[in-house]
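Shown below: entry_37.txt, with compact mmCIF, C-alpha atoms and all ligand atoms.
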```txt
# COMPACT_ATOMS: atom_id res chain seq x y z
CA MET A 509 28.67 62.89 13.79
CA PRO A 510 28.87 59.10 13.79
CA ASP A 511 32.05 57.14 13.23
CA VAL A 512 33.51 57.41 9.67
CA PHE A 513 32.67 53.76 8.93
CA ALA A 514 28.94 54.22 9.69
CA ASP A 515 27.93 54.54 6.03
CA LEU A 516 29.66 51.36 4.98
CA VAL A 517 26.52 49.29 4.69
CA GLY A 518 26.57 45.56 5.44
CA GLN A 519 30.40 45.24 5.33
CA ASP A 520 31.25 44.08 8.85
CA GLU A 521 34.32 42.03 7.95
CA ALA A 522 35.91 44.77 5.88
CA VAL A 523 35.26 47.35 8.58
CA THR A 524 36.91 45.15 11.20
CA GLU A 525 40.01 44.79 9.04
CA LEU A 526 40.19 48.52 8.28
CA ARG A 527 39.81 49.48 11.94
CA ARG A 528 42.64 47.14 12.82
CA ALA A 529 44.83 48.62 10.07
CA ALA A 530 44.09 52.19 11.17
CA ALA A 531 45.06 51.33 14.73
CA ALA A 532 48.28 49.73 13.44
CA ALA A 533 48.99 52.82 11.33
CA ALA A 534 48.56 55.02 14.40
CA ALA A 535 50.98 52.76 16.28
CA VAL A 536 53.50 53.19 13.45
CA LEU A 537 53.26 56.96 13.85
CA ARG A 538 53.66 56.74 17.62
CA ALA A 539 56.66 54.45 17.28
CA GLY A 540 58.09 56.86 14.70
CA ALA A 541 57.71 59.69 17.18
CA THR A 542 59.85 57.79 19.67
CA ASP A 543 62.36 56.94 16.95
CA ARG A 544 61.71 53.24 16.64
CA THR A 545 60.31 53.51 13.13
CA PRO A 546 58.96 50.10 12.19
CA ALA A 547 58.72 49.35 8.49
CA LEU A 548 55.34 48.64 6.98
CA VAL A 549 54.91 45.11 5.76
CA ALA A 550 54.14 44.61 2.10
CA PRO A 551 51.88 41.68 1.18
CA GLY A 552 53.87 38.62 0.27
CA GLU A 553 56.75 39.64 2.51
CA ALA A 554 57.35 37.94 5.80
CA ALA A 555 56.68 40.25 8.70
CA PRO A 556 59.87 41.16 10.54
CA ALA A 557 60.03 39.40 13.86
CA PRO A 558 58.76 41.70 16.58
CA ALA A 559 61.05 42.51 19.46
CA ALA A 560 60.69 39.93 22.18
CA GLY A 561 57.49 40.43 24.08
CA ALA A 562 56.41 43.51 22.12
CA PRO A 563 53.62 43.24 19.57
CA ASP A 564 54.71 44.41 16.10
CA PRO A 565 53.10 47.82 15.62
CA ALA A 566 53.19 47.63 11.83
CA ALA A 567 51.22 44.39 11.53
CA GLY A 568 47.85 45.03 9.94
CA MET A 569 48.98 48.11 8.00
CA THR A 570 50.44 48.30 4.51
CA HIS A 571 51.13 50.91 1.79
CA ALA A 572 48.78 49.81 -0.94
CA TRP A 573 45.21 48.57 -0.86
CA ILE A 574 42.59 47.53 -3.39
CA PHE A 575 38.90 47.78 -2.54
CA THR A 576 36.87 45.47 -4.75
CA GLY A 577 33.16 44.82 -5.04
CA PRO A 578 30.17 45.22 -7.34
CA PRO A 579 29.03 48.75 -8.28
CA GLY A 580 27.27 50.42 -5.38
CA SER A 581 28.82 48.16 -2.75
CA GLY A 582 30.69 51.17 -1.40
CA ARG A 583 34.27 50.86 -2.70
CA SER A 584 34.94 54.59 -2.65
CA VAL A 585 32.96 55.02 0.57
CA ALA A 586 35.24 52.43 2.19
CA ALA A 587 38.39 54.03 0.79
CA ARG A 588 37.39 57.49 1.99
CA ALA A 589 36.46 56.20 5.46
CA PHE A 590 39.80 54.42 5.74
CA ALA A 591 41.62 57.57 4.59
CA ALA A 592 39.79 59.47 7.35
CA ALA A 593 40.75 56.86 9.93
CA LEU A 594 44.39 57.24 8.85
CA GLN A 595 44.19 61.03 9.36
CA CYS A 596 42.17 60.70 12.57
CA ALA A 597 43.86 62.20 15.63
CA TYR A 598 42.83 59.10 17.59
CA GLY A 599 43.58 56.59 14.85
CA THR A 600 40.04 55.27 15.03
CA GLY A 601 38.04 57.30 12.50
CA CYS A 602 36.13 58.93 15.36
CA GLY A 603 34.19 61.23 13.00
CA GLU A 604 34.72 64.18 15.36
CA CYS A 605 38.32 65.36 15.04
CA PRO A 606 39.63 67.74 12.33
CA GLY A 607 41.41 64.86 10.52
CA CYS A 608 38.14 62.93 10.17
CA HIS A 609 36.11 66.02 9.30
CA THR A 610 38.41 67.38 6.61
CA THR A 611 38.86 63.98 4.97
CA MET A 612 35.14 63.22 4.88
CA GLY A 613 34.47 66.75 3.62
CA GLY A 614 37.07 66.42 0.86
CA THR A 615 39.33 69.25 2.10
CA ASN A 616 42.18 67.40 3.80
CA ALA A 617 45.47 68.59 2.27
CA ASP A 618 47.01 65.11 2.59
CA VAL A 619 44.19 63.14 0.97
CA ARG A 620 43.73 63.18 -2.77
CA MET A 621 40.68 61.60 -4.38
CA VAL A 622 41.20 60.84 -8.05
CA VAL A 623 37.90 60.49 -9.86
CA PRO A 624 38.41 59.83 -13.56
CA GLU A 625 36.03 61.90 -15.61
CA GLY A 626 36.59 60.28 -18.96
CA LEU A 627 36.84 56.65 -19.84
CA SER A 628 40.39 56.25 -18.59
CA ILE A 629 43.03 57.80 -16.32
CA GLY A 630 46.02 58.99 -18.35
CA VAL A 631 49.71 58.75 -17.67
CA GLY A 632 50.27 62.50 -17.26
CA GLU A 633 47.67 62.72 -14.53
CA MET A 634 49.15 59.70 -12.78
CA ARG A 635 52.76 60.96 -12.90
CA ALA A 636 51.76 64.30 -11.37
CA LEU A 637 49.84 62.46 -8.70
CA VAL A 638 52.69 60.10 -7.82
CA LEU A 639 55.04 63.05 -7.56
CA ARG A 640 52.81 64.92 -5.15
CA ALA A 641 52.13 61.79 -3.13
CA ALA A 642 55.84 61.49 -2.37
CA SER A 643 55.91 64.76 -0.44
CA THR A 644 55.89 64.85 3.35
CA PRO A 645 52.34 64.89 4.76
CA SER A 646 51.60 68.43 5.94
CA GLY A 647 49.43 67.15 8.78
CA GLY A 648 52.24 64.93 10.06
CA ARG A 649 50.37 61.67 9.47
CA TRP A 650 49.95 60.06 6.02
CA GLN A 651 49.75 61.11 2.37
CA VAL A 652 46.74 59.21 1.08
CA VAL A 653 45.89 58.83 -2.60
CA VAL A 654 42.50 57.34 -3.41
CA ILE A 655 42.06 56.20 -7.01
CA GLU A 656 38.44 55.54 -7.83
CA ASP A 657 37.82 53.29 -10.83
CA ALA A 658 41.43 52.10 -10.92
CA ASP A 659 40.25 49.68 -13.62
CA ARG A 660 40.12 52.72 -15.91
CA LEU A 661 43.87 53.35 -15.71
CA THR A 662 45.64 53.29 -19.05
CA GLU A 663 48.50 50.80 -19.25
CA ALA A 664 51.10 53.58 -19.07
CA ALA A 665 49.36 55.15 -16.07
CA GLY A 666 49.26 51.74 -14.41
CA ASN A 667 53.02 51.44 -14.88
CA ALA A 668 53.64 54.86 -13.36
CA LEU A 669 51.52 53.85 -10.38
CA LEU A 670 53.26 50.49 -10.08
CA LYS A 671 56.63 52.20 -9.75
CA ALA A 672 55.34 54.25 -6.83
CA ILE A 673 53.78 51.22 -5.16
CA GLU A 674 56.96 49.19 -5.57
CA GLU A 675 59.07 51.79 -3.82
CA PRO A 676 56.61 53.65 -1.65
CA PRO A 677 57.67 56.78 0.22
CA PRO A 678 57.50 55.90 3.94
CA ARG A 679 54.36 57.90 4.71
CA THR A 680 52.36 57.37 1.52
CA VAL A 681 49.32 55.11 1.23
CA PHE A 682 47.57 54.21 -2.04
CA LEU A 683 43.92 53.15 -1.96
CA LEU A 684 42.62 51.77 -5.26
CA CYS A 685 39.00 50.95 -6.07
CA ALA A 686 38.09 48.44 -8.77
CA PRO A 687 35.23 46.02 -9.50
CA SER A 688 37.48 42.99 -9.02
CA THR A 689 41.09 41.82 -9.03
CA HIS A 690 40.60 40.16 -12.41
CA PRO A 691 43.58 41.00 -14.70
CA ASP A 692 41.14 42.94 -16.94
CA ASP A 693 40.55 45.32 -14.03
CA ILE A 694 43.93 45.48 -12.27
CA SER A 695 47.30 44.38 -13.58
CA VAL A 696 48.68 41.29 -11.91
CA THR A 697 51.81 43.12 -10.80
CA ILE A 698 49.88 45.92 -9.08
CA ARG A 699 47.58 43.34 -7.53
CA SER A 700 50.56 41.46 -6.09
CA ARG A 701 51.72 44.59 -4.26
CA CYS A 702 48.37 45.41 -2.67
CA ARG A 703 46.24 44.05 0.11
CA VAL A 704 42.71 43.33 -1.11
CA VAL A 705 39.58 44.32 0.81
CA PRO A 706 36.62 42.53 -0.81
CA LEU A 707 33.26 44.21 -0.33
CA ARG A 708 30.05 42.30 -0.92
CA GLN A 709 26.75 43.35 -2.36
CA PRO A 710 24.99 44.64 0.73
CA PRO A 711 21.69 42.89 1.58
CA ALA A 712 18.54 44.91 0.81
CA THR A 713 17.61 45.07 4.50
CA ALA A 714 20.92 46.77 5.34
CA VAL A 715 20.50 49.26 2.47
CA ALA A 716 16.92 50.05 3.58
CA GLU A 717 18.11 50.55 7.13
CA VAL A 718 20.71 53.16 6.13
CA LEU A 719 18.20 55.01 3.91
CA VAL A 720 15.87 55.33 6.88
CA ARG A 721 18.56 56.24 9.40
CA ARG A 722 20.73 58.58 7.36
CA ASP A 723 18.41 60.02 4.74
CA GLY A 724 15.16 60.06 6.70
CA ILE A 725 13.29 58.08 4.04
CA ALA A 726 10.02 56.37 5.04
CA PRO A 727 10.58 52.66 5.84
CA ASP A 728 8.21 51.25 3.19
CA VAL A 729 9.74 53.43 0.43
CA ALA A 730 13.24 52.55 1.63
CA GLN A 731 12.45 48.84 1.49
CA TRP A 732 11.05 49.04 -2.03
CA ALA A 733 13.97 51.17 -3.29
CA ALA A 734 16.60 48.93 -1.67
CA ALA A 735 15.15 45.84 -3.36
CA ALA A 736 14.75 47.57 -6.73
CA ALA A 737 18.33 48.89 -6.64
CA GLN A 738 19.70 45.37 -6.10
CA GLY A 739 22.16 46.30 -3.37
CA HIS A 740 23.37 49.56 -4.97
CA VAL A 741 23.17 52.10 -2.14
CA GLY A 742 23.44 55.28 -4.22
CA ARG A 743 20.90 54.03 -6.74
CA ALA A 744 18.48 53.09 -3.95
CA ARG A 745 18.71 56.61 -2.53
CA ARG A 746 18.06 58.13 -5.95
CA LEU A 747 15.04 55.89 -6.56
CA ALA A 748 13.62 56.79 -3.16
CA ARG A 749 14.07 60.52 -3.66
CA ASP A 750 14.01 61.38 -7.34
CA PRO A 751 10.69 61.00 -9.22
CA GLU A 752 12.55 61.30 -12.55
CA ALA A 753 14.70 58.30 -11.68
CA ARG A 754 11.55 56.33 -10.81
CA LYS A 755 9.95 57.32 -14.11
CA ARG A 756 13.02 56.17 -16.08
CA ARG A 757 13.01 52.85 -14.27
CA GLU A 758 9.31 52.34 -15.02
CA ALA A 759 9.94 53.03 -18.70
CA VAL A 760 12.70 50.40 -18.75
CA LEU A 761 10.51 47.83 -17.01
CA ALA A 762 7.75 48.46 -19.56
CA VAL A 763 10.05 47.16 -22.32
CA PRO A 764 9.17 43.44 -22.00
CA ARG A 765 5.48 44.25 -22.47
CA ARG A 766 6.14 46.37 -25.53
CA LEU A 767 8.07 43.80 -27.53
CA THR A 768 5.30 42.69 -29.88
CA GLY A 769 7.18 42.55 -33.18
CA VAL A 770 10.35 43.47 -35.06
CA GLY A 771 9.32 47.12 -35.44
CA ALA A 772 8.47 47.35 -31.75
CA ALA A 773 11.85 45.85 -30.86
CA PHE A 774 13.70 48.53 -32.83
CA ASP A 775 11.47 51.23 -31.33
CA ALA A 776 12.24 49.93 -27.83
CA ALA A 777 15.97 50.01 -28.61
CA SER A 778 15.76 53.63 -29.77
CA ALA A 779 13.74 54.61 -26.72
CA LEU A 780 16.25 53.00 -24.36
CA ILE A 781 19.26 54.65 -26.02
CA GLU A 782 17.58 58.05 -26.16
CA ALA A 783 16.51 57.83 -22.52
CA ALA A 784 20.11 57.07 -21.52
CA GLU A 785 21.36 60.01 -23.59
CA ALA A 786 18.81 62.36 -22.03
CA GLU A 787 19.65 61.18 -18.53
CA ALA A 788 23.38 61.61 -19.14
CA GLU A 789 22.89 65.04 -20.65
CA ALA A 790 20.89 66.18 -17.64
CA SER A 791 23.54 64.85 -15.27
CA VAL A 792 26.51 66.64 -16.91
CA ALA A 793 24.88 69.78 -18.35
CA GLU A 794 25.13 71.78 -15.16
CA ALA A 795 28.78 70.92 -14.54
CA ASP A 796 29.64 71.62 -18.21
CA ALA A 797 28.11 75.08 -18.15
CA ALA A 798 29.72 75.96 -14.81
CA GLU A 799 33.18 74.84 -15.99
CA ARG A 800 32.89 76.75 -19.22
CA ALA A 801 31.78 79.91 -17.44
CA ALA A 802 34.62 79.60 -14.93
CA LEU A 803 37.20 79.12 -17.67
CA GLU A 804 35.84 82.03 -19.69
CA THR A 805 35.95 84.30 -16.67
CA ALA A 806 39.50 83.18 -15.90
CA LEU A 807 40.53 83.85 -19.48
CA GLY A 808 38.92 87.26 -19.56
CA ALA A 809 36.37 86.47 -22.26
CA GLY A 810 33.70 89.13 -22.39
CA GLY A 811 36.28 91.69 -21.35
CA THR A 812 36.62 94.80 -23.51
CA GLY A 813 39.89 96.16 -22.18
CA ARG A 814 43.24 96.05 -23.92
CA GLY A 815 44.62 92.54 -24.11
CA ALA A 816 41.22 90.87 -24.07
CA ALA A 817 41.45 89.95 -27.75
CA GLY A 818 44.86 88.35 -27.26
CA ALA A 819 43.59 86.43 -24.26
CA ILE A 820 40.72 85.05 -26.30
CA ARG A 821 43.10 83.90 -29.04
CA GLY A 822 45.19 82.05 -26.43
CA ALA A 823 42.05 80.73 -24.82
CA ALA A 824 40.87 78.82 -27.86
CA GLY A 825 43.24 75.95 -27.09
CA GLN A 826 42.14 75.75 -23.47
CA LEU A 827 38.47 75.80 -24.41
CA LYS A 828 39.09 73.03 -26.91
CA ASP A 829 40.77 71.03 -24.17
CA LEU A 830 37.83 71.54 -21.86
CA GLU A 831 35.39 70.49 -24.56
CA LYS A 832 37.35 67.31 -25.12
CA ARG A 833 37.25 66.44 -21.42
CA GLN A 834 33.55 67.22 -21.25
CA LYS A 835 32.80 65.05 -24.24
CA SER A 836 34.63 62.17 -22.66
CA ARG A 837 32.70 62.65 -19.42
CA ALA A 838 29.40 62.74 -21.35
CA THR A 839 30.27 59.45 -23.07
CA ARG A 840 30.91 57.85 -19.73
CA ALA A 841 27.70 59.24 -18.20
CA GLN A 842 25.77 57.79 -21.15
CA ARG A 843 27.29 54.38 -20.70
CA ASP A 844 26.61 54.45 -16.98
CA ALA A 845 22.96 55.42 -17.56
CA LEU A 846 22.50 52.70 -20.15
CA ASP A 847 24.13 50.16 -17.86
CA ARG A 848 21.73 51.05 -15.05
CA ALA A 849 18.81 50.47 -17.41
CA LEU A 850 20.23 47.08 -18.44
CA VAL A 851 20.69 46.06 -14.81
CA ASP A 852 17.02 46.88 -14.16
CA LEU A 853 15.98 44.88 -17.20
CA ALA A 854 18.15 41.94 -16.15
CA GLY A 855 16.40 42.05 -12.76
CA PHE A 856 13.04 41.62 -14.50
CA TYR A 857 14.09 38.48 -16.41
CA ARG A 858 15.86 37.18 -13.33
CA ASP A 859 12.50 37.50 -11.52
CA ALA A 860 10.79 35.56 -14.33
CA LEU A 861 13.47 32.88 -14.11
CA THR A 862 13.22 32.42 -10.34
CA MET A 863 9.42 32.23 -10.63
CA ALA A 864 9.60 29.63 -13.39
CA LEU A 865 11.92 27.60 -11.18
CA ARG A 866 9.72 28.25 -8.14
CA ALA A 867 12.83 29.36 -6.27
CA PRO A 868 12.06 30.61 -2.75
CA VAL A 869 13.63 34.09 -3.23
CA ASP A 870 12.11 37.57 -3.21
CA PRO A 871 11.65 39.33 -6.56
CA VAL A 872 13.98 42.25 -7.40
CA HIS A 873 11.13 44.35 -8.77
CA THR A 874 8.12 43.88 -6.54
CA ASP A 875 6.06 46.27 -8.67
CA THR A 876 6.44 44.20 -11.86
CA ALA A 877 6.31 40.81 -10.14
CA ALA A 878 2.92 39.97 -11.69
CA LEU A 879 4.24 40.71 -15.17
CA ALA A 880 7.35 38.62 -14.51
CA GLY A 881 5.06 35.83 -13.29
CA ALA A 882 3.10 35.94 -16.55
CA GLY A 883 6.39 35.83 -18.45
CA ALA A 884 7.52 32.84 -16.42
CA GLN A 885 4.38 30.91 -17.45
CA LYS A 886 4.76 31.80 -21.10
CA TRP A 887 8.53 31.32 -21.46
CA ASP A 888 9.27 28.68 -18.86
CA ALA A 889 12.67 28.57 -17.14
CA GLU A 890 14.60 28.05 -20.36
CA GLY A 891 13.04 30.95 -22.22
CA SER A 892 13.47 33.22 -19.19
CA LEU A 893 17.12 32.25 -18.90
CA ARG A 894 17.72 32.92 -22.61
CA ARG A 895 16.27 36.39 -22.21
CA LEU A 896 18.31 37.10 -19.10
CA GLU A 897 21.40 36.00 -21.00
CA ALA A 898 20.53 38.33 -23.87
CA VAL A 899 20.55 41.29 -21.48
CA LEU A 900 23.84 40.22 -19.91
CA ALA A 901 25.36 39.69 -23.37
CA CYS A 902 24.37 43.23 -24.29
CA ARG A 903 26.16 44.60 -21.24
CA ALA A 904 29.25 42.57 -22.08
CA ALA A 905 29.18 43.75 -25.71
CA ILE A 906 28.99 47.42 -24.72
CA ASP A 907 31.77 46.82 -22.27
CA ALA A 908 33.82 45.41 -25.15
CA ASN A 909 33.20 48.63 -27.14
CA VAL A 910 30.42 47.46 -29.43
CA LYS A 911 28.36 50.50 -30.44
CA PRO A 912 25.58 50.76 -27.81
CA ARG A 913 22.79 51.12 -30.36
CA ILE A 914 23.81 47.96 -32.20
CA ALA A 915 24.18 45.96 -28.99
CA VAL A 916 20.79 47.15 -27.69
CA GLU A 917 19.02 46.41 -31.00
CA ALA A 918 20.44 42.89 -31.01
CA MET A 919 19.28 42.43 -27.44
CA MET A 920 15.75 43.66 -28.13
CA LEU A 921 15.42 41.27 -31.07
CA ALA A 922 16.65 38.40 -28.89
CA LEU A 923 14.18 39.38 -26.15
CA TRP A 924 11.33 39.44 -28.64
CA LYS A 925 12.20 36.16 -30.37
CA GLY A 926 13.15 34.47 -27.08
ZN ZN B 1 38.97 61.33 14.19
```

How does the structure come out when it is put into structure tokens?
Amino acid sequence: MPDVFADLVGQDEAVTELRRAAAAAAAVLRAGATDRTPALVAPGEAAPAPAAGAPDPAAGMTHAWIFTGPPGSGRSVAARAFAAALQCAYGTGCGECPGCHTTMGGTNADVRMVVPEGLSIGVGEMRALVLRAASTPSGGRWQVVVIEDADRLTEAAGNALLKAIEEPPPRTVFLLCAPSTHPDDISVTIRSRCRVVPLRQPPATAVAEVLVRRDGIAPDVAQWAAAAAQGHVGRARRLARDPEARKRREAVLAVPRRLTGVGAAFDAASALIEAAEAEAEASVAEADAAERAALETALGAGGTGRGAAGAIRGAAGQLKDLEKRQKSRATRAQRDALDRALVDLAGFYRDALTMALRAPVDPVHTDTAALAGAGAQKWDAEGSLRRLEAVLACRAAIDANVKPRIAVEAMMLALWKG
């Protein structure tokens, strides 16, 4: 198995920093073992002066981190790899030892990955998490809490987390993932307590390379998928492997051609929304059914023995709870699917714009480059830019909780009128 950082595509600077921190963390543990426990240094604090001649073992390591970067840049991949390096017996993230293996496989008792299923992470969930994170690591190294989509914390949950970050237990490390450190994503106070690891959008060549090496995808397919996915590694893999995903993308890229009038614009809006709903339903249906079956089994539904009726009465509340969580997950899956479609569409108008400007850059969608070229001639740079802005405005509106159908209809009309 390669090193735990191997899948972090095109992020050399971040990897260097994380390796250094993992080595420092291992030094902290070694120093602790010989009873010279050095304190970790929080950002914004001056590092304590190292003993004369000795390098400070805690430099480079801290209790709280934020991984930022655009979707698909590998925020959670980076956080998980760093967690593995912290649990690694050699402090390097060797990929071979039990600490590395269990962390990468999601079974390490001292690493908790929090993946919000709904649209936000609630305060109850966060309090329970903070409480558990304060316990002594069973493996003798670190308690690591990874919070994916930390931008989806509710305010109250953020406050509960802040308290833990402000007074961290000595062996606890928090790894947060968020699109950016903008106050909309992460509160300023949490930000001020964390070290930030910025990840960039990986170049298409690096994404293609990893698809070939890790997933065994043919080089020409990998190259096409990497460009079409605009630096999103997971999306590139799906495009390369899943014919359904390719079909959905083609349908989205057919939109510009279909906008021939007001009626067609509304039809295109309906088609886009319905495609996103269908995609989301497919992606959560299996998990929904499995969860429901598991809960029903646990509650004894279907049983005929004495007590089964009472169990079912008590179960109604739990089933209702599950349905609520599933509904919230479905809403999020729908938004994510719609957002992917909008990103594809934005890529098309971006191609038209760069062609109208004769910019020396490669198109995002090589397979619709001719169509984008025709658009560029017809609309010119200004018209292409207006259309690109209409797509971006639609994303922003949905992000600001405008009903998706309304935002998409407005966008389609703007795309048609130019
Ligand atoms: Zn290891």

Once you count only C-alpha atoms and all ligand atoms, what closest atom pair and distance in Å to one decimal does each residue of chain A within 7 Å of ligand ZN 1 (chain B) have, with rows by chain and rising residue number, as CSV?
```
residue,atom,partner,partner_atom,distance
A:Ala593,CA,B:ZN1,ZN,6.4
A:Cys596,CA,B:ZN1,ZN,3.6
A:Ala597,CA,B:ZN1,ZN,5.2
A:Tyr598,CA,B:ZN1,ZN,5.6
A:Gly599,CA,B:ZN1,ZN,6.6
A:Thr600,CA,B:ZN1,ZN,6.2
A:Gly601,CA,B:ZN1,ZN,4.5
A:Cys602,CA,B:ZN1,ZN,3.9
A:Gly603,CA,B:ZN1,ZN,4.9
A:Glu604,CA,B:ZN1,ZN,5.2
A:Cys605,CA,B:ZN1,ZN,4.2
A:Pro606,CA,B:ZN1,ZN,6.7
A:Gly607,CA,B:ZN1,ZN,5.6
A:Cys608,CA,B:ZN1,ZN,4.4
```

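Counting only C-alpha atoms and comparing A:Glu717, A:Glu917, A:Glu674, A:Glu897, the residue that lies closest to Leu853 (chain A) is A:Glu897.
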
Applying 9 Å and only C-alpha atoms, which residues near His873 (chain A) remain after dropping the ones on its own chain fewer than 5 positions away? List them as a VMD selection string. chain A and resid 732 735 to 737 761 852 855 to 856 859 880

With 3 Å added on each side, what axis-aligned box encloses every listed atom of region 660-673 of chain A? Give the centre and edge lengths in Å to one decimal, as lines of an AutoDock Vina configuration file.
```
center_x = 48.4
center_y = 52.8
center_z = -12.2
size_x = 22.5
size_y = 10.7
size_z = 20.1
```

Give me the residues within 9 Å of Pro912 (chain A) as number ranges by chain, counting all atoms listed in the file and dropping any in the same chain fewer than 3 places off. A: 781, 843, 846, 902, 905-906, 909, 915-917

Just the residues within 10 Å of Met863 (chain A), please, counting all atoms listed in the file, with nothing from its chain fewer than 6 positions along; format it as a list of chain:residue names. A:Tyr857, A:Val869, A:Asp870, A:Pro871, A:Ala877, A:Ala880, A:Gly881, A:Ala882, A:Gly883, A:Ala884, A:Gln885, A:Asp888, A:Ala889, A:Ser892

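Compared by their closest atoms to Ala762 (chain A), and using all atoms listed in the file, the residues A:Gly632, A:Thr876, A:Ala730, A:Val910 rank with A:Thr876 nearest.
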
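Counting from CA of Thr662 (chain A), the distance to CA of Ile629 (chain A) is 5.9 Å.
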
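Closest approach to Ala854 (chain A) from the set A:Ala797, A:Ala784, A:Val760, A:Leu767 is made by A:Val760, with distances taken over all atoms listed in the file.
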
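Nearest to Arg708 (chain A) of all the residues A:Gly614, A:Pro510, A:Pro687, A:Gly769 is A:Pro687, counting all atoms listed in the file.
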
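Close to (50.2, 56.0, 14.3), meaning no more than 10 Å away when counting all atoms listed in the file, sit the residues A:Ala530, A:Ala531, A:Ala532, A:Ala533, A:Ala534, A:Ala535, A:Val536, A:Leu537, A:Arg538, A:Ala539, A:Gly540, A:Ala541, A:Pro565, A:Ala566, A:Leu594, A:Gln595, A:Cys596, A:Ala597, A:Tyr598, A:Gly599, A:Arg649, A:Trp650.
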
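Remark: for Gln731 (chain A), the closest of the candidate residues A:Ala686, A:Ala586, A:Val872, A:Ala522 is A:Val872 (distances computed over all atoms listed in the file).
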
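CA of Asp844 (chain A) sits 20.1 Å away from CA of Ile694 (chain A).
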
For CA of Gly891 (chain A) and CA of Ala908 (chain A), determine how far apart the two atoms are, in Å to one decimal place. 25.5 Å

If we count all atoms listed in the file and set the cut-off at 8 Å, which residues sit around Phe513 (chain A), ignoring sequence neighbours fewer than 2 positions away in its own chain? Please answer as an NGL selection string. :A and (511 or 515-516 or 523 or 586 or 589-590 or 601)

Using C-alpha atoms, can you write the selected residues to a file as a PDB file, in the frame of the given file?
```pdb
ATOM      1  CA  ASP A 511      32.050  57.140  13.230  1.00  0.00           C
ATOM      2  CA  ASP A 515      27.930  54.540   6.030  1.00  0.00           C
ATOM      3  CA  LEU A 516      29.660  51.360   4.980  1.00  0.00           C
ATOM      4  CA  VAL A 523      35.260  47.350   8.580  1.00  0.00           C
ATOM      5  CA  ALA A 586      35.240  52.430   2.190  1.00  0.00           C
ATOM      6  CA  ALA A 589      36.460  56.200   5.460  1.00  0.00           C
ATOM      7  CA  PHE A 590      39.800  54.420   5.740  1.00  0.00           C
ATOM      8  CA  GLY A 601      38.040  57.300  12.500  1.00  0.00           C
TER       9      GLY A 601
END
```

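Nearest to Pro579 (chain A) of all the residues A:Val741, A:Ala802, A:Ala712, A:Met634 is A:Val741, based on all atoms listed in the file.
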
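With only C-alpha atoms taken into account, the protein and nucleic acid residues at most 10 Å from Gln709 (chain A) (excluding it and anything under 2 positions from it in its own chain) are Val517, Gly518, Gln519, Gly577, Pro578, Pro579, Gly580, Ser581, Gly582, Leu707, Pro711, Ala712, Val715, Gln738, Gly739, His740 and Val741 of chain A.
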